[in-house]
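This is protein-v3.json (JSON, C-alpha atoms and all ligand atoms).
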```json
[["chain", "number", "residue", "atom", "x", "y", "z"],
["A", 97, "MET", "CA", 226.99, 111.21, 192.49],
["A", 98, "THR", "CA", 228.75, 112.27, 195.71],
["A", 99, "THR", "CA", 231.98, 110.53, 194.73],
["A", 100, "THR", "CA", 232.16, 112.24, 191.33],
["A", 101, "VAL", "CA", 231.20, 115.74, 192.58],
["A", 102, "LEU", "CA", 233.59, 115.73, 195.53],
["A", 103, "ARG", "CA", 236.83, 114.46, 194.13],
["A", 104, "THR", "CA", 239.36, 115.35, 196.80],
["A", 105, "ASP", "CA", 239.58, 115.42, 200.59],
["A", 106, "PHE", "CA", 239.91, 119.20, 200.36],
["A", 107, "GLU", "CA", 236.64, 119.48, 198.39],
["A", 108, "LYS", "CA", 234.96, 117.18, 200.94],
["A", 109, "SER", "CA", 236.06, 119.41, 203.80],
["A", 110, "VAL", "CA", 234.82, 122.53, 201.97],
["A", 111, "ALA", "CA", 231.47, 120.86, 201.28],
["A", 112, "ASP", "CA", 231.30, 119.77, 204.91],
["A", 113, "TYR", "CA", 231.86, 123.35, 206.05],
["A", 114, "TRP", "CA", 228.93, 124.69, 203.98],
["A", 115, "ASN", "CA", 226.69, 121.70, 204.77],
["A", 116, "THR", "CA", 227.10, 122.01, 208.52],
["A", 117, "ASN", "CA", 227.51, 125.77, 208.94],
["A", 118, "ARG", "CA", 223.82, 126.47, 208.39],
["A", 119, "GLN", "CA", 222.77, 128.61, 211.29],
["A", 120, "ASP", "CA", 225.21, 131.52, 211.06],
["A", 121, "PRO", "CA", 223.04, 134.57, 211.82],
["A", 122, "VAL", "CA", 225.23, 136.75, 209.60],
["A", 123, "ASN", "CA", 223.76, 134.82, 206.66],
["A", 124, "LEU", "CA", 220.27, 133.94, 207.88],
["A", 125, "ARG", "CA", 219.22, 137.15, 209.61],
["A", 126, "LEU", "CA", 220.45, 139.27, 206.72],
["A", 127, "GLY", "CA", 218.74, 137.02, 204.17],
["A", 128, "GLU", "CA", 215.45, 137.25, 206.04],
["A", 129, "VAL", "CA", 215.31, 140.98, 205.24],
["A", 130, "ASP", "CA", 214.02, 140.27, 201.70],
["A", 131, "ASP", "CA", 214.64, 136.55, 201.14],
["A", 132, "LEU", "CA", 217.85, 137.07, 199.16],
["A", 133, "TYR", "CA", 220.44, 134.94, 200.91],
["A", 134, "HIS", "CA", 224.07, 135.89, 200.34],
["A", 135, "HIS", "CA", 227.35, 134.36, 201.41],
["A", 136, "HIS", "CA", 229.55, 137.25, 200.40],
["A", 137, "TYR", "CA", 230.58, 140.65, 201.72],
["A", 138, "GLY", "CA", 229.38, 144.17, 201.12],
["A", 139, "VAL", "CA", 230.57, 147.33, 199.37],
["A", 140, "GLY", "CA", 229.86, 151.03, 199.74],
["A", 141, "PRO", "CA", 229.48, 153.46, 202.63],
["A", 142, "TYR", "CA", 227.02, 152.63, 205.38],
["A", 143, "ASP", "CA", 224.45, 154.99, 206.82],
["A", 144, "PRO", "CA", 225.99, 155.96, 210.20],
["A", 145, "SER", "CA", 222.56, 156.81, 211.64],
["A", 146, "VAL", "CA", 221.91, 153.06, 212.08],
["A", 147, "LEU", "CA", 224.35, 153.07, 214.99],
["A", 148, "ASP", "CA", 222.35, 155.79, 216.77],
["A", 149, "ALA", "CA", 218.94, 154.15, 216.30],
["A", 150, "PRO", "CA", 216.88, 153.60, 219.48],
["A", 151, "ALA", "CA", 217.80, 150.41, 221.35],
["A", 152, "GLY", "CA", 214.70, 148.49, 220.19],
["A", 153, "ALA", "CA", 215.37, 149.20, 216.49],
["A", 154, "ARG", "CA", 219.17, 149.44, 216.38],
["A", 155, "GLU", "CA", 220.00, 145.80, 215.79],
["A", 156, "GLN", "CA", 217.50, 145.37, 212.96],
["A", 157, "ARG", "CA", 218.62, 148.62, 211.30],
["A", 158, "ILE", "CA", 222.26, 147.43, 211.34],
["A", 159, "ILE", "CA", 221.27, 144.05, 209.89],
["A", 160, "ALA", "CA", 219.23, 145.67, 207.12],
["A", 161, "GLU", "CA", 222.16, 147.98, 206.35],
["A", 162, "LEU", "CA", 224.68, 145.10, 206.14],
["A", 163, "HIS", "CA", 222.28, 143.27, 203.84],
["A", 164, "ARG", "CA", 221.89, 146.37, 201.64],
["A", 165, "LEU", "CA", 225.69, 146.51, 201.23],
["A", 166, "GLU", "CA", 225.87, 142.80, 200.34],
["A", 167, "SER", "CA", 223.14, 143.21, 197.71],
["A", 168, "ALA", "CA", 224.98, 146.29, 196.39],
["A", 169, "GLN", "CA", 228.04, 144.07, 195.93],
["A", 170, "ALA", "CA", 225.99, 141.56, 193.89],
["A", 171, "ASP", "CA", 224.50, 144.40, 191.83],
["A", 172, "LEU", "CA", 227.98, 145.69, 191.07],
["A", 173, "LEU", "CA", 229.01, 142.24, 189.87],
["A", 174, "LEU", "CA", 225.91, 142.00, 187.64],
["A", 175, "ASP", "CA", 226.64, 145.49, 186.22],
["A", 176, "HIS", "CA", 229.76, 143.96, 184.65],
["A", 177, "LEU", "CA", 228.14, 140.95, 182.96],
["A", 178, "GLY", "CA", 227.49, 142.92, 179.75],
["A", 179, "PRO", "CA", 224.27, 142.77, 177.76],
["A", 180, "ILE", "CA", 222.28, 139.67, 178.71],
["A", 181, "GLY", "CA", 218.94, 138.93, 177.06],
["A", 182, "PRO", "CA", 216.06, 136.73, 178.25],
["A", 183, "ASP", "CA", 217.18, 133.99, 175.82],
["A", 184, "ASP", "CA", 220.71, 133.83, 177.25],
["A", 185, "MET", "CA", 221.95, 131.26, 179.74],
["A", 186, "ILE", "CA", 224.38, 132.20, 182.47],
["A", 187, "LEU", "CA", 226.23, 130.35, 185.23],
["A", 188, "ASP", "CA", 226.84, 131.14, 188.91],
["A", 189, "GLY", "CA", 229.98, 129.19, 189.91],
["A", 190, "GLY", "CA", 229.73, 128.35, 193.62],
["A", 191, "SER", "CA", 226.18, 129.62, 194.05],
["A", 192, "GLY", "CA", 225.76, 129.41, 197.83],
["A", 193, "ARG", "CA", 222.16, 130.03, 198.91],
["A", 194, "GLY", "CA", 221.40, 131.52, 195.50],
["A", 195, "GLY", "CA", 220.98, 135.27, 196.20],
["A", 196, "THR", "CA", 223.09, 136.54, 193.27],
["A", 197, "SER", "CA", 221.48, 134.07, 190.82],
["A", 198, "ILE", "CA", 217.99, 135.22, 191.76],
["A", 199, "MET", "CA", 219.04, 138.87, 191.38],
["A", 200, "ALA", "CA", 220.51, 138.06, 187.95],
["A", 201, "HIS", "CA", 217.26, 136.48, 186.79],
["A", 202, "GLN", "CA", 215.26, 139.43, 188.15],
["A", 203, "ARG", "CA", 217.47, 141.84, 186.22],
["A", 204, "PHE", "CA", 217.94, 140.05, 182.89],
["A", 205, "GLY", "CA", 215.01, 137.60, 182.73],
["A", 206, "CYS", "CA", 217.49, 134.96, 181.54],
["A", 207, "GLU", "CA", 218.02, 131.36, 182.59],
["A", 208, "VAL", "CA", 220.52, 130.85, 185.39],
["A", 209, "ASP", "CA", 222.23, 127.68, 186.54],
["A", 210, "GLY", "CA", 224.05, 127.71, 189.85],
["A", 211, "VAL", "CA", 226.45, 124.99, 190.97],
["A", 212, "SER", "CA", 227.64, 124.32, 194.51],
["A", 213, "ILE", "CA", 229.40, 121.41, 196.19],
["A", 214, "SER", "CA", 227.12, 121.82, 199.20],
["A", 215, "GLU", "CA", 224.03, 119.65, 198.80],
["A", 216, "TYR", "CA", 222.35, 121.55, 201.61],
["A", 217, "GLN", "CA", 222.87, 124.90, 199.87],
["A", 218, "VAL", "CA", 221.59, 123.53, 196.57],
["A", 219, "GLY", "CA", 218.38, 122.37, 198.28],
["A", 220, "PHE", "CA", 217.98, 125.70, 200.06],
["A", 221, "ALA", "CA", 218.53, 127.73, 196.87],
["A", 222, "ASN", "CA", 216.14, 125.58, 194.81],
["A", 223, "GLU", "CA", 213.49, 126.09, 197.49],
["A", 224, "GLN", "CA", 213.97, 129.86, 197.22],
["A", 225, "ALA", "CA", 213.55, 129.72, 193.45],
["A", 226, "ALA", "CA", 210.42, 127.56, 193.82],
["A", 227, "ARG", "CA", 208.91, 129.95, 196.37],
["A", 228, "ARG", "CA", 209.39, 132.78, 193.88],
["A", 229, "GLY", "CA", 207.83, 130.72, 191.06],
["A", 230, "ILE", "CA", 211.01, 130.87, 188.94],
["A", 231, "ALA", "CA", 212.30, 127.32, 189.38],
["A", 232, "ASP", "CA", 211.94, 126.67, 185.64],
["A", 233, "ARG", "CA", 214.41, 129.54, 184.92],
["A", 234, "VAL", "CA", 216.75, 129.47, 187.94],
["A", 235, "ARG", "CA", 218.14, 126.05, 188.81],
["A", 236, "PHE", "CA", 220.75, 124.97, 191.31],
["A", 237, "HIS", "CA", 222.78, 121.80, 190.96],
["A", 238, "PHE", "CA", 224.96, 119.73, 193.26],
["A", 239, "ARG", "CA", 227.98, 119.88, 190.96],
["A", 240, "ASN", "CA", 231.60, 120.85, 190.97],
["A", 241, "MET", "CA", 232.35, 124.10, 189.12],
["A", 242, "LEU", "CA", 235.57, 122.51, 187.86],
["A", 243, "ASP", "CA", 233.50, 119.92, 186.01],
["A", 244, "THR", "CA", 229.96, 121.23, 185.53],
["A", 245, "HIS", "CA", 228.73, 118.77, 182.84],
["A", 246, "LEU", "CA", 226.97, 121.72, 181.17],
["A", 247, "PRO", "CA", 227.21, 121.92, 177.36],
["A", 248, "ALA", "CA", 230.25, 123.59, 175.78],
["A", 249, "GLY", "CA", 229.62, 127.13, 174.48],
["A", 250, "SER", "CA", 226.26, 127.32, 176.24],
["A", 251, "ARG", "CA", 226.94, 130.43, 178.40],
["A", 252, "GLN", "CA", 226.82, 134.11, 177.55],
["A", 253, "ALA", "CA", 228.23, 134.89, 181.01],
["A", 254, "VAL", "CA", 229.73, 133.12, 184.00],
["A", 255, "TRP", "CA", 230.58, 134.60, 187.38],
["A", 256, "THR", "CA", 232.18, 133.62, 190.64],
["A", 257, "ASN", "CA", 231.25, 135.61, 193.71],
["A", 258, "GLU", "CA", 233.83, 134.82, 196.40],
["A", 259, "THR", "CA", 234.37, 131.21, 195.39],
["A", 260, "THR", "CA", 237.71, 131.11, 193.57],
["A", 261, "MET", "CA", 239.70, 130.67, 196.79],
["A", 262, "TYR", "CA", 238.40, 127.11, 196.98],
["A", 263, "VAL", "CA", 239.78, 125.88, 193.66],
["A", 264, "ASP", "CA", 242.76, 125.67, 191.32],
["A", 265, "LEU", "CA", 242.42, 128.69, 189.01],
["A", 266, "GLY", "CA", 243.87, 126.91, 185.96],
["A", 267, "ASP", "CA", 241.30, 124.11, 186.24],
["A", 268, "LEU", "CA", 238.49, 126.59, 186.87],
["A", 269, "TYR", "CA", 239.23, 128.85, 183.93],
["A", 270, "ALA", "CA", 239.70, 125.90, 181.58],
["A", 271, "GLU", "CA", 236.14, 124.83, 182.45],
["A", 272, "PHE", "CA", 234.76, 128.38, 182.10],
["A", 273, "ALA", "CA", 236.54, 128.84, 178.75],
["A", 274, "ARG", "CA", 234.80, 125.64, 177.59],
["A", 275, "LEU", "CA", 231.39, 126.90, 178.73],
["A", 276, "LEU", "CA", 231.56, 130.48, 177.44],
["A", 277, "ARG", "CA", 230.66, 131.48, 173.90],
["A", 278, "PHE", "CA", 233.21, 133.54, 171.98],
["A", 279, "GLY", "CA", 232.84, 137.10, 173.32],
["A", 280, "GLY", "CA", 231.06, 135.89, 176.47],
["A", 281, "ARG", "CA", 231.92, 137.53, 179.76],
["A", 282, "TYR", "CA", 233.41, 136.18, 182.98],
["A", 283, "VAL", "CA", 233.17, 138.28, 186.17],
["A", 284, "CYS", "CA", 234.90, 137.51, 189.43],
["A", 285, "ILE", "CA", 234.75, 139.19, 192.82],
["A", 286, "THR", "CA", 237.37, 137.84, 195.18],
["A", 287, "GLY", "CA", 239.78, 138.54, 197.97],
["A", 288, "CYS", "CA", 243.37, 138.02, 196.87],
["A", 289, "ALA", "CA", 246.80, 138.28, 198.47],
["A", 290, "ASN", "CA", 249.02, 141.16, 197.41],
["A", 291, "ASP", "CA", 252.16, 139.92, 195.61],
["A", 292, "VAL", "CA", 253.82, 143.25, 196.32],
["A", 293, "THR", "CA", 253.79, 142.74, 200.09],
["A", 294, "GLY", "CA", 255.07, 139.18, 199.72],
["A", 295, "LEU", "CA", 253.31, 135.88, 200.23],
["A", 296, "ARG", "CA", 250.60, 135.22, 202.80],
["A", 297, "SER", "CA", 250.41, 137.59, 205.77],
["A", 298, "LYS", "CA", 249.33, 136.37, 209.19],
["A", 299, "ALA", "CA", 245.91, 137.98, 208.75],
["A", 300, "VAL", "CA", 245.39, 136.26, 205.36],
["A", 301, "SER", "CA", 246.41, 132.93, 206.92],
["A", 302, "ARG", "CA", 243.79, 133.43, 209.63],
["A", 303, "ILE", "CA", 241.12, 133.97, 206.97],
["A", 304, "ASN", "CA", 242.21, 130.78, 205.17],
["A", 305, "GLU", "CA", 242.04, 128.86, 208.42],
["A", 306, "HIS", "CA", 238.60, 130.24, 209.33],
["A", 307, "TYR", "CA", 236.95, 129.36, 206.00],
["A", 308, "THR", "CA", 238.99, 126.26, 204.98],
["A", 309, "CYS", "CA", 240.10, 128.07, 201.85],
["A", 310, "ASP", "CA", 243.33, 128.93, 200.02],
["A", 311, "ILE", "CA", 243.46, 132.60, 199.02],
["A", 312, "HIS", "CA", 245.41, 133.08, 195.77],
["A", 313, "PRO", "CA", 247.90, 135.85, 195.06],
["A", 314, "ARG", "CA", 246.59, 138.54, 192.70],
["A", 315, "SER", "CA", 249.08, 137.57, 189.96],
["A", 316, "HIS", "CA", 247.71, 134.02, 189.74],
["A", 317, "TYR", "CA", 244.35, 135.32, 188.51],
["A", 318, "PHE", "CA", 245.83, 137.09, 185.51],
["A", 319, "LYS", "CA", 248.14, 134.21, 184.60],
["A", 320, "ALA", "CA", 245.28, 131.70, 184.72],
["A", 321, "LEU", "CA", 242.91, 133.97, 182.77],
["A", 322, "ALA", "CA", 245.49, 134.61, 180.04],
["A", 323, "ALA", "CA", 246.32, 130.91, 179.81],
["A", 324, "ASN", "CA", 242.67, 130.11, 179.13],
["A", 325, "GLY", "CA", 241.65, 132.68, 176.52],
["A", 326, "LEU", "CA", 240.03, 135.08, 178.99],
["A", 327, "ALA", "CA", 241.11, 138.69, 178.33],
["A", 328, "PRO", "CA", 240.49, 141.19, 181.16],
["A", 329, "ILE", "CA", 238.41, 144.23, 180.20],
["A", 330, "ALA", "CA", 238.00, 145.75, 183.70],
["A", 331, "VAL", "CA", 239.83, 145.40, 186.99],
["A", 332, "THR", "CA", 238.49, 147.30, 189.99],
["A", 333, "ASP", "CA", 240.11, 147.42, 193.38],
["A", 334, "LEU", "CA", 237.16, 147.33, 195.82],
["A", 335, "THR", "CA", 239.31, 147.24, 198.94],
["A", 336, "ALA", "CA", 238.48, 150.77, 200.12],
["A", 337, "ALA", "CA", 234.81, 150.20, 199.27],
["A", 338, "THR", "CA", 234.50, 147.08, 201.41],
["A", 339, "ILE", "CA", 236.21, 148.36, 204.57],
["A", 340, "PRO", "CA", 233.08, 150.24, 205.83],
["A", 341, "TYR", "CA", 231.08, 146.99, 205.60],
["A", 342, "TRP", "CA", 233.62, 145.25, 207.84],
["A", 343, "GLU", "CA", 233.68, 148.16, 210.27],
["A", 344, "LEU", "CA", 229.90, 148.07, 210.63],
["A", 345, "ARG", "CA", 229.85, 144.27, 210.86],
["A", 346, "ALA", "CA", 232.48, 144.38, 213.63],
["A", 347, "ARG", "CA", 230.08, 146.56, 215.66],
["A", 348, "SER", "CA", 227.03, 144.37, 214.99],
["A", 349, "SER", "CA", 225.43, 141.50, 216.88],
["A", 350, "VAL", "CA", 226.16, 139.18, 213.91],
["A", 351, "ALA", "CA", 229.95, 139.57, 214.06],
["A", 352, "THR", "CA", 231.65, 136.16, 213.75],
["A", 353, "GLY", "CA", 235.15, 137.02, 214.97],
["A", 354, "ILE", "CA", 236.72, 137.10, 211.48],
["A", 355, "GLU", "CA", 236.13, 140.86, 211.16],
["A", 356, "GLU", "CA", 239.47, 141.90, 212.70],
["A", 357, "PRO", "CA", 241.67, 139.72, 210.40],
["A", 358, "PHE", "CA", 239.80, 141.13, 207.37],
["A", 359, "LEU", "CA", 240.21, 144.72, 208.58],
["A", 360, "THR", "CA", 243.88, 144.16, 209.42],
["A", 361, "ALA", "CA", 244.63, 142.49, 206.08],
["A", 362, "TYR", "CA", 242.90, 145.25, 204.08],
["A", 363, "ARG", "CA", 244.41, 148.10, 206.08],
["A", 364, "GLU", "CA", 247.96, 146.75, 206.02],
["A", 365, "GLY", "CA", 247.68, 146.18, 202.25],
["A", 366, "SER", "CA", 248.38, 142.42, 202.28],
["A", 367, "PHE", "CA", 244.94, 141.62, 200.89],
["A", 368, "HIS", "CA", 242.77, 143.16, 198.18],
["A", 369, "TYR", "CA", 239.11, 142.88, 197.32],
["A", 370, "LEU", "CA", 239.07, 142.75, 193.54],
["A", 371, "LEU", "CA", 236.54, 142.70, 190.72],
["A", 372, "ILE", "CA", 237.82, 141.32, 187.43],
["A", 373, "ALA", "CA", 235.77, 141.19, 184.22],
["A", 374, "ALA", "CA", 237.19, 139.27, 181.26],
["A", 375, "ASP", "CA", 236.00, 138.36, 177.78],
["A", 376, "ARG", "CA", 236.28, 134.93, 176.20],
["A", 377, "ILE", "CA", 238.41, 135.33, 173.10],
["B", 1, "LIG", "C1", 231.67, 132.16, 200.17],
["B", 1, "LIG", "S1", 230.46, 131.13, 199.44],
["B", 1, "LIG", "C2", 229.84, 132.16, 198.16],
["B", 1, "LIG", "C3", 228.44, 131.80, 197.73],
["B", 1, "LIG", "C4", 227.80, 132.67, 196.67],
["B", 1, "LIG", "N1", 228.65, 132.84, 195.51],
["B", 1, "LIG", "C5", 227.38, 134.01, 197.22],
["B", 1, "LIG", "O1", 227.91, 135.04, 196.75],
["B", 1, "LIG", "O2", 226.52, 134.05, 198.09],
["B", 1, "LIG", "C6", 231.46, 129.91, 198.61],
["B", 1, "LIG", "C7", 230.67, 128.91, 197.78],
["B", 1, "LIG", "O3", 231.58, 128.21, 196.93],
["B", 1, "LIG", "C8", 231.11, 126.88, 196.82],
["B", 1, "LIG", "N2", 232.20, 126.04, 196.30],
["B", 1, "LIG", "C9", 233.44, 125.87, 196.81],
["B", 1, "LIG", "N3", 234.15, 125.04, 196.03],
["B", 1, "LIG", "C10", 233.34, 124.67, 194.99],
["B", 1, "LIG", "C11", 233.50, 123.84, 193.85],
["B", 1, "LIG", "N4", 234.64, 123.19, 193.60],
["B", 1, "LIG", "N5", 232.44, 123.71, 193.01],
["B", 1, "LIG", "C12", 231.27, 124.35, 193.24],
["B", 1, "LIG", "N6", 231.07, 125.16, 194.32],
["B", 1, "LIG", "C13", 232.09, 125.32, 195.17],
["B", 1, "LIG", "C14", 230.65, 126.55, 198.21],
["B", 1, "LIG", "O4", 229.81, 125.42, 198.20],
["B", 1, "LIG", "C15", 229.91, 127.86, 198.54],
["B", 1, "LIG", "O5", 228.61, 127.79, 198.03]]
```

Please lay out the structure from this file as structure tokens.
Amino acid sequence: MTTTVLRTDFEKSVADYWNTNRQDPVNLRLGEVDDLYHHHYGVGPYDPSVLDAPAGAREQRIIAELHRLESAQADLLLDHLGPIGPDDMILDGGSGRGGTSIMAHQRFGCEVDGVSISEYQVGFANEQAARRGIADRVRFHFRNMLDTHLPAGSRQAVWTNETTMYVDLGDLYAEFARLLRFGGRYVCITGCANDVTGLRSKAVSRINEHYTCDIHPRSHYFKALAANGLAPIAVTDLTAATIPYWELRARSSVATGIEEPFLTAYREGSFHYLLIAADRI
């Protein structure tokens, strides 16, 4: 199975990153707040009082606040999936430790499949679903989102939450177009490079280097969507909404060192945090 899921050296190095990078407190300590484990960033203003909390409580208040902003980001993504009923099936492309998938099931009652090329993450996420007693409705698979082996036309909605920078967009959207029913919805939240400021800035290159990823220019998303029968219905620039999250994270005990490149890239305008919703036509 490993040889067919991980087809290239690049995919192997991405899988290796997520398989070995297990102990990052920015993921674990935040997830422990309510057992929803995210590997994405946050949106919305933070409560500044967390920074003035008494020394014994301050760190935990900041962690809970960062987690609240990350869950708010996932909620925003789910707000754009359109009407989903309990009989629908949806797909989380690059599902990480499963937080967004579990939230989707809690909200819609539907069946969710998540795919990740990290075997470790798939095991972790399946354990979370089992602990919640929803393993029959929320399943995680060690599979490549470019080749999911799920039945054609089986999905009412598909999303990617900060995973598109690891793959070729043409290949990805061809697979999603195959999986989505006519009129089904695709939602993406991603960081993308700003074509208007030119190709990759230094700060964007540092982010690529840190995560072993390849951030796409904004224009590539719309070309690849259009080429695969996915017609955008909403595009939201979340850049201003995510900056407070990074500012708070930079002042927290769980900062990883990547906060300054993100803040620089967003503030200089070379990088955008975008939500795109598109319909399968
Ligand atoms: C930044 S994490 C995001 C995780 C999750 N979407 C979330 O919001 O918590 C990136 C994820 O993309 C997954 N990934 C990268 N390339 C992939 C591929 N070709 N197929 C499936 N998953 C992939 C990684 O394994 C990891 O789970």

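Closest to Ile329 in chain A among A:Val218, A:Leu177, A:Met199, A:Leu276 is A:Leu177, based on all atoms listed in the file.
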
Tell me, counting only C-alpha atoms and all ligand atoms, for each residue of chain A within 8 Å of ligand LIG 1 (chain B), which pair of atoms is nearest and how far apart they are in Å to one decimal, in rows ordered by chain and increasing number, as a tab-separated table.
```
residue	atom	partner	partner_atom	distance
A:Leu102	CA	B:LIG1	N4	7.8
A:Glu107	CA	B:LIG1	N4	6.4
A:Val110	CA	B:LIG1	C9	6.3
A:Ala111	CA	B:LIG1	O4	5.7
A:Trp114	CA	B:LIG1	O4	5.9
A:Tyr133	CA	B:LIG1	O2	6.8
A:His134	CA	B:LIG1	O2	3.8
A:His135	CA	B:LIG1	O2	3.4
A:His136	CA	B:LIG1	O1	4.6
A:Tyr137	CA	B:LIG1	O1	8.0
A:Ala170	CA	B:LIG1	O1	7.4
A:Asp188	CA	B:LIG1	N1	7.1
A:Gly189	CA	B:LIG1	C12	6.0
A:Gly190	CA	B:LIG1	N6	3.5
A:Ser191	CA	B:LIG1	N1	4.3
A:Gly192	CA	B:LIG1	O5	3.3
A:Arg193	CA	B:LIG1	O2	6.0
A:Gly194	CA	B:LIG1	O2	6.3
A:Gly195	CA	B:LIG1	O2	6.0
A:Thr196	CA	B:LIG1	O1	6.1
A:Val211	CA	B:LIG1	C12	5.4
A:Ser212	CA	B:LIG1	N6	3.5
A:Ile213	CA	B:LIG1	O4	4.5
A:Ser214	CA	B:LIG1	O4	4.6
A:Gln217	CA	B:LIG1	O5	6.7
A:Phe238	CA	B:LIG1	C12	7.8
A:Arg239	CA	B:LIG1	C12	6.0
A:Asn240	CA	B:LIG1	N5	3.6
A:Met241	CA	B:LIG1	N5	3.9
A:Leu242	CA	B:LIG1	N4	5.9
A:Thr256	CA	B:LIG1	N1	6.1
A:Asn257	CA	B:LIG1	N1	4.2
A:Glu258	CA	B:LIG1	C1	5.1
A:Thr259	CA	B:LIG1	O3	4.4
A:Thr260	CA	B:LIG1	N3	7.5
A:Met261	CA	B:LIG1	C9	7.9
A:Tyr262	CA	B:LIG1	N3	4.8
A:Val263	CA	B:LIG1	N4	5.8
```

What lies within 8 Å of Tyr282 in chain A using all atoms listed in the file, ignoring chain neighbours under 3 positions off, as a compact mmCIF listing (two decimals) with C-alpha atoms, in the frame of the given file?
```
# COMPACT_ATOMS: atom_id res chain seq x y z
CA LEU A 177 228.14 140.95 182.96
CA ALA A 253 228.23 134.89 181.01
CA VAL A 254 229.73 133.12 184.00
CA TRP A 255 230.58 134.60 187.38
CA PHE A 272 234.76 128.38 182.10
CA LEU A 326 240.03 135.08 178.99
CA ALA A 373 235.77 141.19 184.22
CA ALA A 374 237.19 139.27 181.26
CA ASP A 375 236.00 138.36 177.78
CA ARG A 376 236.28 134.93 176.20
```

Proximity to Val300 in chain A - best of A:Leu321, A:Ile354, A:Leu172, A:Leu147, all atoms listed in the file: A:Ile354

Give me, as a compact mmCIF listing (two decimals) with C-alpha atoms, in the coordinates of the input, all polymer residues having an atom no more than 8 Å from Ile372 in chain A, counting all atoms listed in the file and skipping those fewer than 3 positions away in the same chain.
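What follows is the written file around_10.txt:
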```
# COMPACT_ATOMS: atom_id res chain seq x y z
CA VAL A 283 233.17 138.28 186.17
CA CYS A 284 234.90 137.51 189.43
CA ILE A 285 234.75 139.19 192.82
CA PRO A 328 240.49 141.19 181.16
CA ILE A 329 238.41 144.23 180.20
CA ALA A 330 238.00 145.75 183.70
CA VAL A 331 239.83 145.40 186.99
CA THR A 332 238.49 147.30 189.99
```

Neighbouring residues of range 141-145 of chain A were defined as those with any atom within 8 Å, considering only C-alpha atoms; residues of the same chain fewer than 4 positions away were excluded. Please report them as a PyMOL selection string. chain A and resi 149+161-162+165+337+340-341+344

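Among A:His306, A:Arg235, A:Arg281, A:Arg314, the residue with the shortest atom-to-atom distance to Arg251 in chain A, counting only C-alpha atoms, is A:Arg281.
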
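Contact shell of Glu356 in chain A at 12 Å (all atoms listed in the file; same-chain neighbours under 4 positions omitted): Lys298, Ala299, Val300, Arg302, Ile303, Ile339, Trp342, Glu343, Leu344, Arg345, Ala346, Arg347, Ala351, Thr352, Thr360, Ala361, Tyr362, Arg363 and Glu364 of chain A.
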
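Reported to one decimal place, the separation of CA of Lys108 in chain A from CA of Ala226 in chain A is 27.6 Å.
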
Contacts of Arg164 in chain A at 9 Å or less, counting all atoms listed in the file, minus same-chain residues fewer than 5 places along, as a PDB file with C-alpha atoms, keeping the file's coordinate frame?
```pdb
ATOM      1  CA  LEU A 126     220.450 139.270 206.720  1.00  0.00           C
ATOM      2  CA  GLY A 138     229.380 144.170 201.120  1.00  0.00           C
ATOM      3  CA  TYR A 142     227.020 152.630 205.380  1.00  0.00           C
ATOM      4  CA  ILE A 159     221.270 144.050 209.890  1.00  0.00           C
ATOM      5  CA  GLN A 169     228.040 144.070 195.930  1.00  0.00           C
TER       6      GLN A 169
END
```

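Taking CA of Ala160 in chain A as the reference point, CA of Phe358 in chain A is found at 21.1 Å.
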
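Distances here use only C-alpha atoms; by that measure, the residue among A:Ser297, A:Asn115, A:Ser167, A:Ser315 closest to Leu265 in chain A is A:Ser315.
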
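Across the model, the gap from CA of Asn290 in chain A to CA of His316 in chain A is 10.6 Å.
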
Which is closest to His176 in chain A among A:Gly280, A:His312, A:Glu155, A:Asp105, if we use all atoms listed in the file? A:Gly280

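Remark: for Ala322 in chain A, the closest of the candidate residues A:Phe220, A:Phe204, A:Tyr113, A:Tyr269 is A:Tyr269 (distances computed over all atoms listed in the file).
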